[in-house]
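**Student:** One structure coming up, written as structure tokens, with questions to follow.
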Amino acid sequence: MSANTHSLSPFGTARSTVQGTPLDKEELRKTDAFMRASLYLCLGMLYLQKNPLLKEPLKKEHLKSRLLGHWGSDSGQIFTYIHFNRLIKKYGLNGLFVSGPGHGAPAVLSQSYLEGVYSEVYPNITEDEEGMRLFFKQFSFPGGIGSHATPETPGSLHEGGELGYSISHAFGTVFDNPDLITLTMVGDGESETGPLATSWHSTKFLNPITDGAVLPVLHLNGYKINNPTVLARISHEELEALFIGYGWKPYFVEGSDLESMHQAMAATLEQAVGEIKQYQKQARDSGKSFRPRWPMIVLRSPKGWTAPRDVSGHHLEGYWRAHQIPLADVASNTEHLALLESWMKSYKPDELFVDGKLIPELKTLVPEGNLRMSANPVANGGLVRKALRLPDFKKYALDVNPGITNSPSMANMAVWLRDVVAANMTNFRLFGPDETESNKLGAVYEAGKKVWMGDFLPEDGDGGNLAHEGRVMEILSEHTVEGWLEGYVLSGRHGLLNSYEPFIHIIDSMVNQHCKWIEKCLEVEWRAKVSSLNILLTATVWRQDHNGFTHQDPGFLDVVANKSPEVVRIYLPPDGNTLLSVMSHCLDSKNYVNVIVADKQDHLQYLNMEDAIAHCTKGLGIWEWASTFPDEDPDVVMASCGDVPTMESLAAVALLKQYLPELKIRFVNVVDLFKLISNIDHPHGLTDKDFKAIFTDDKPIIFNFHSYPWLVHRLTYKRPGHNNIHVRGYKEKGNIDTPLELAIRNETDRFSLAIDAIDRLPGLKNKGSLTREKLLNEQIAARTSAFENGIDADKYRSWRWPYGPKTAEGVLDQVQSKLGLAGNDAPPAAVVGTSE
């Protein structure tokens, strides 16, 4: 074996950066025995449903009929967990363990059982022989628990069902948690994901005064399911340079010889924890924060460590075959069944357990009370959660003349959000991928700047809004900010992520995983509810005309709508006062994923605060002021959902009223999307009786929707009169357009909507034909003007509801003055556009 390949081998006596033998003979003996007890439990979970202590010869009927689970990463995780426990006991550390490797649950489940926490949480899983049998049987078994660190797992807030988020979740737990050290096992397969690679940069946002610390342990066991891992096949020098380049201080622990590896890991972890405490003390004593090279550990150990090295002429330990069930054919191969029995007995369970309970001398290695990592309240964040102090949003109301006032909805909400930040300086953060200012939320910087532990340049003082201590977290990685937010929320705090709508798709699967987590938590009695995960989508599709087709995708709503109705909510507030009401409700809620869609540009305002609260409470409603003959049976229902679609629908009503004044039009606006679903299928859904009262069941409904039209059809397919619902929405038609031109392309514009209404009213006969021609001509003229001038005509950009008293002249100037905006010097909303 060459020197180079030798350095990549996980086998042999320990090779470590830190030298020393801190464990005395007795500590070493007990540590090794505790590891054997853990490994025995892991194999028991994978294989057994009977005979848990092998008191009788192992038989086929003792095995589970279907063998499921993963062995490969268990030993390395157990090894690390045990050694971190030593330091928790020695120094009284507040520690959390995040299991990153996929399907690595047996490792942490075994620790929870040995710590006694599992039996405290699940009294039927007792610390005796029968309890151990039940503990084994339930693993990866119908009606039992999964092979990830699922919500049923005490001490877990990271399931790892999808790889890549262990580091970002871990950092989320330590922000504003100054005493917490989250030790994170990072799988080397997981390390090949983009989200994980970027998350190493999280140290550039960690303040040693106000935050805790993350101690990553990169677990190089060398293989994925059937392939070597990239980081396990590069030289020691290259690997070290990689992490030094990321800004970490890497320590190496490599080998397979247990005695020397125990000493090496004990010495290395002690060094790492000592450095963390030293950095924190230096910063906290001096009051001067800085960015140290935080320690991390590279643990190179064999995959499936302590398994038989070779089985039937093939490698097992240290090879990909150890990844899942290491001996898969034990039910049909008597030789392998006997091998499994001898392997399990090699851990000497009869010396470790008395009647199924861990012997007392090994129990002394376990920390006490909540210092046990599987009992840490941070991992059950609802226990430590404190309610937000929310300013009364009604005091931030915009003065509104319906359909006439034009005001900055988002910038006004940002003033309220600024005060939310100011009132919750240790348990609320705003997250986003470099778009807070662009999204008109810059007012929050008055309460808390952007956290930045990197270097500063003099010009940063000119509007950079950077600070070592802040409340805004920005890095141009949607994965990382979402992971931070998830970890922050799951550990008992509150937050909001703001993002451009078209690029929120980057975290589709992360939100999917979080939805599954909180849905499962609802079934776990001991899990306390956590704050909702709130996502504000802006720079919406209908105002991405200037950025073009690549920036036009409102489909995140479809992704969210697929999730359990128990945990997801979607709101599309049409104006500034409804946005305030919705945001206050969402930030105060628990155990949901709330998605709020609101454009960042100035928009028409429709409801005063009293009406906005009523509208949001109902979730949808008839707008009397925008309806014609509101007390009579309508000829047509014009409905909208979303801010820009609402304006276009109102403009369509105005056109119909102008040309066909006798037409009876009902105007309906939807702010809570799930009101459209039957109450049978969603807790927010209307009854059919209520739905019919709003929409009718026999009149055409022209529904202008913010997102893809098929979603509304999907939500309403059971409704009476569903065949009367005609939805207009984004249909994948876009280019570099003006706002009105983009709407025309997708038939969501005022002309298309009015024409559609005429076409759906056969009673008009030929009476509507001339009106239809006039509308088509005006639509053509609008597009021609846009092509010639590069901008929509002023009558469209500055359109106002032409009916009703105009008592709100000057309101825009008043609001802009209050917000410190440009007043009459500001360009029209349709022209303003901020690229990434």
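Each chain of the structure tokens is named A, B, ... in the order shown, its residues numbered from 1; ligands are numbered from 1 in display order.
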Determine, counting only C-alpha atoms, which protein, DNA and RNA residues have an atom within 6 Å of an atom of range 562-577 of chain A; residues of the same chain fewer than 5 positions away are not included. Present the result as number ranges by chain.
**Tutor:** A: 397, 409, 592-597, 605, 609, 612, 642-643, 671-673, 682
**Student:** Can you pull out every residue within 12 Å of Cys521 in chain A, counting only C-alpha atoms, but drop anything in the same chain fewer than 2 positions away, and send it as number ranges by chain?
**Tutor:** A: 150-154, 156-157, 159, 380-382, 490, 514-519, 523-530, 566-567, 590-592
**Student:** Include C-alpha atoms and write out the residues we just selected as an mmCIF file, in the first residue's frame.
**Tutor:**
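Okay, this is what ended up in result-v8.cif:
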data_model
loop_
_atom_site.group_PDB
_atom_site.id
_atom_site.type_symbol
_atom_site.label_atom_id
_atom_site.label_comp_id
_atom_site.auth_asym_id
_atom_site.auth_seq_id
_atom_site.Cartn_x
_atom_site.Cartn_y
_atom_site.Cartn_z
ATOM 1 C CA THR A 150 -37.921 11.202 13.299
ATOM 2 C CA PRO A 151 -40.068 13.390 15.592
ATOM 3 C CA GLU A 152 -40.678 10.316 17.739
ATOM 4 C CA THR A 153 -36.958 10.335 18.616
ATOM 5 C CA PRO A 154 -36.183 12.164 21.873
ATOM 6 C CA SER A 156 -33.959 15.139 17.712
ATOM 7 C CA LEU A 157 -34.961 18.211 15.758
ATOM 8 C CA GLU A 159 -34.790 14.055 10.772
ATOM 9 C CA ASN A 380 -38.374 20.014 21.832
ATOM 10 C CA GLY A 381 -38.399 23.722 21.107
ATOM 11 C CA GLY A 382 -41.963 24.386 22.118
ATOM 12 C CA LEU A 490 -37.487 24.186 15.943
ATOM 13 C CA HIS A 514 -40.387 20.569 7.362
ATOM 14 C CA CYS A 515 -44.102 20.073 6.662
ATOM 15 C CA LYS A 516 -43.700 16.345 7.209
ATOM 16 C CA TRP A 517 -41.813 16.994 10.445
ATOM 17 C CA ILE A 518 -44.456 19.233 12.011
ATOM 18 C CA GLU A 519 -47.290 17.040 10.766
ATOM 19 C CA GLU A 523 -49.090 12.818 16.528
ATOM 20 C CA VAL A 524 -46.347 12.804 19.170
ATOM 21 C CA GLU A 525 -47.936 13.794 22.468
ATOM 22 C CA TRP A 526 -44.789 14.974 24.219
ATOM 23 C CA ARG A 527 -43.821 17.339 21.398
ATOM 24 C CA ALA A 528 -44.728 20.918 22.304
ATOM 25 C CA LYS A 529 -45.848 23.164 19.464
ATOM 26 C CA VAL A 530 -43.215 25.398 17.886
ATOM 27 C CA GLU A 566 -53.168 20.271 9.130
ATOM 28 C CA VAL A 567 -49.937 22.200 8.666
ATOM 29 C CA LYS A 590 -47.774 27.662 15.866
ATOM 30 C CA ASN A 591 -46.987 24.475 13.948
ATOM 31 C CA TYR A 592 -47.806 25.770 10.484
#
**Student:** What residues in range 718-793 of chain A get the DSSP label helix (DSSP H, G or I)? Please answer as an NGL selection string.
**Tutor:** :A and (722-724 or 739-745 or 750-759 or 762-789)
**Student:** Find the distance between CA of Tyr251 in chain A and CA of Leu183 in chain A and write it in Å to one decimal.
**Tutor:**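 CA of Leu183 in chain A lies 14.4 Å from CA of Tyr251 in chain A.
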**Student:** Using only C-alpha atoms, which protein or nucleic acid residues come within 10 Å of Leu39 in chain A? Drop anything in the same chain fewer than 5 positions from it, and give the result as a PyMOL selection string.
**Tutor:** chain A and resi 33-34+44-45+71+74-75+78-79+106-107+110-111+305-307+344+347
**Student:** Which residues are near range 698-700 of chain A? Cut-off 9 Å, only C-alpha atoms, ignore same chain within fewer than 6 positions. Put them as a list in words.
**Tutor:**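 Contacts, with the query itself left out: Pro634, Asp635, Val636, Val637, Met638, Pro720, Gly721, Asn723, Asn724, Ile725, His726, Ala757, Arg760 and Leu761 of chain A.
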**Student:** Those selected residues, please, written with N, CA and C atoms and delivered as a compact mmCIF listing (two decimals), in the first residue's frame.
**Tutor:**
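So out_29.txt came out as:
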# COMPACT_ATOMS: atom_id res chain seq x y z
N PRO A 634 -76.75 38.32 -8.88
CA PRO A 634 -75.81 38.78 -9.91
C PRO A 634 -76.00 38.05 -11.22
N ASP A 635 -75.59 38.71 -12.29
CA ASP A 635 -75.49 38.05 -13.60
C ASP A 635 -74.16 37.31 -13.70
N VAL A 636 -73.13 37.87 -13.09
CA VAL A 636 -71.79 37.30 -13.19
C VAL A 636 -71.05 37.62 -11.90
N VAL A 637 -70.17 36.71 -11.49
CA VAL A 637 -69.31 36.93 -10.33
C VAL A 637 -67.88 37.14 -10.82
N MET A 638 -67.31 38.27 -10.48
CA MET A 638 -65.90 38.56 -10.77
C MET A 638 -65.12 38.33 -9.48
N PRO A 720 -70.41 22.92 -5.57
CA PRO A 720 -71.60 23.05 -6.42
C PRO A 720 -71.37 24.15 -7.45
N GLY A 721 -71.74 23.86 -8.69
CA GLY A 721 -71.54 24.84 -9.74
C GLY A 721 -70.10 24.98 -10.17
N ASN A 723 -68.57 23.81 -12.59
CA ASN A 723 -68.46 24.02 -14.04
C ASN A 723 -68.60 25.48 -14.43
N ASN A 724 -69.10 26.29 -13.52
CA ASN A 724 -69.25 27.72 -13.80
C ASN A 724 -67.99 28.52 -13.47
N ILE A 725 -67.00 27.87 -12.85
CA ILE A 725 -65.79 28.59 -12.44
C ILE A 725 -64.80 28.60 -13.61
N HIS A 726 -64.45 29.78 -14.05
CA HIS A 726 -63.52 29.96 -15.17
C HIS A 726 -62.32 30.75 -14.66
N ALA A 757 -66.27 37.63 -19.41
CA ALA A 757 -67.57 37.78 -18.76
C ALA A 757 -68.68 37.92 -19.80
N ARG A 760 -69.52 34.69 -21.39
CA ARG A 760 -70.18 33.71 -20.52
C ARG A 760 -71.63 34.10 -20.23
N LEU A 761 -72.09 35.19 -20.82
CA LEU A 761 -73.45 35.66 -20.57
C LEU A 761 -74.27 35.60 -21.86
**Student:** Between A:Thr784, A:Thr540, A:Thr334, A:Ser584, which residue has the minimum interatomic distance to Pro391 in chain A, considering only C-alpha atoms?
**Tutor:** A:Ser584
**Student:** In terms of the shortest atom-to-atom distance over only C-alpha atoms, which of A:Lys440, A:Lys357, A:Lys767, A:Lys249 is closest to Pro216 in chain A?
**Tutor:** A:Lys249
**Student:** Do you have the CA of Thr198 in chain A-CA of Gly95 in chain A distance handy?
**Tutor:**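 Going from CA of Thr198 in chain A over to CA of Gly95 in chain A covers 24.0 Å.
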**Student:** Ranking A:Leu220, A:Met473, A:Leu316, A:Ala411 by minimum distance to Phe175 in chain A and counting only C-alpha atoms, which one comes first?
**Tutor:**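 Nearest to Phe175 in chain A: A:Met473.
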**Student:** In Å, rounded to a single decimal, give me how far CA of Gly187 in chain A is from CA of Gly160 in chain A.
**Tutor:**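 CA of Gly187 in chain A lies 10.4 Å from CA of Gly160 in chain A.
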**Student:** DSSP on the backbone: which residues in range 677-714 of chain A end up as strand (DSSP E)? Give the answer as a PyMOL selection string.
**Tutor:** chain A and resi 701-705
**Student:** Compile the contact shell of Ile234 in chain A as JSON, numbers by chain: residues with an atom at most 12 Å away, counting only C-alpha atoms, same-chain residues fewer than 2 positions apart removed.
**Tutor:** {"A": [4, 5, 6, 7, 8, 9, 220, 222, 228, 229, 230, 231, 232, 236, 237, 238, 239, 240, 241, 242]}
**Student:** Using only C-alpha atoms, find each residue in range 288-387 of chain A having at least one atom no more than 12 Å away from range 448-457 of chain A; report its shortest atom-to-atom pair and that distance in Å (one decimal), rows by chain then rising number, as CSV.
**Tutor:**
residue,atom,partner,partner_atom,distance
A:Lys288,CA,A:Met453,CA,11.7
A:Ser289,CA,A:Met453,CA,8.5
A:Phe290,CA,A:Met453,CA,6.8
A:Arg291,CA,A:Met453,CA,5.9
A:Pro292,CA,A:Met453,CA,9.6
A:Arg293,CA,A:Met453,CA,11.7
**Student:** Those residues you just picked out, can you put them in a file as a short mmCIF file (atom, residue, chain, number, x, y, z; two decimals), in the first residue's frame with N, CA and C atoms?
**Tutor:**
data_model
loop_
_atom_site.label_atom_id
_atom_site.label_comp_id
_atom_site.auth_asym_id
_atom_site.auth_seq_id
_atom_site.Cartn_x
_atom_site.Cartn_y
_atom_site.Cartn_z
N LYS A 288 -15.88 42.44 22.73
CA LYS A 288 -15.53 42.64 21.32
C LYS A 288 -15.66 41.31 20.59
N SER A 289 -16.62 41.25 19.70
CA SER A 289 -16.83 40.02 18.94
C SER A 289 -15.81 39.91 17.80
N PHE A 290 -15.53 38.71 17.38
CA PHE A 290 -14.60 38.45 16.30
C PHE A 290 -14.94 37.09 15.69
N ARG A 291 -14.33 36.79 14.58
CA ARG A 291 -14.58 35.49 13.94
C ARG A 291 -13.34 34.62 14.08
N PRO A 292 -13.36 33.69 15.01
CA PRO A 292 -12.22 32.78 15.14
C PRO A 292 -12.28 31.69 14.08
N ARG A 293 -11.23 30.92 14.00
CA ARG A 293 -11.30 29.67 13.22
C ARG A 293 -11.87 28.61 14.14
#
**Student:** Neighbouring residues of Gly790 in chain A were defined as those with any atom within 9 Å, considering only C-alpha atoms; residues of the same chain fewer than 4 positions away were excluded. Please report them as a PyMOL selection string.
**Tutor:** chain A and resi 737-738+785-786
**Student:** Neighbouring residues of Ala539 in chain A were defined as those with any atom within 12 Å, considering only C-alpha atoms; residues of the same chain fewer than 3 positions away were excluded. Please report them as a PyMOL selection string.
**Tutor:** chain A and resi 410+435-440+498-504+536+542-547+551-554+597-602+643-644+832-836
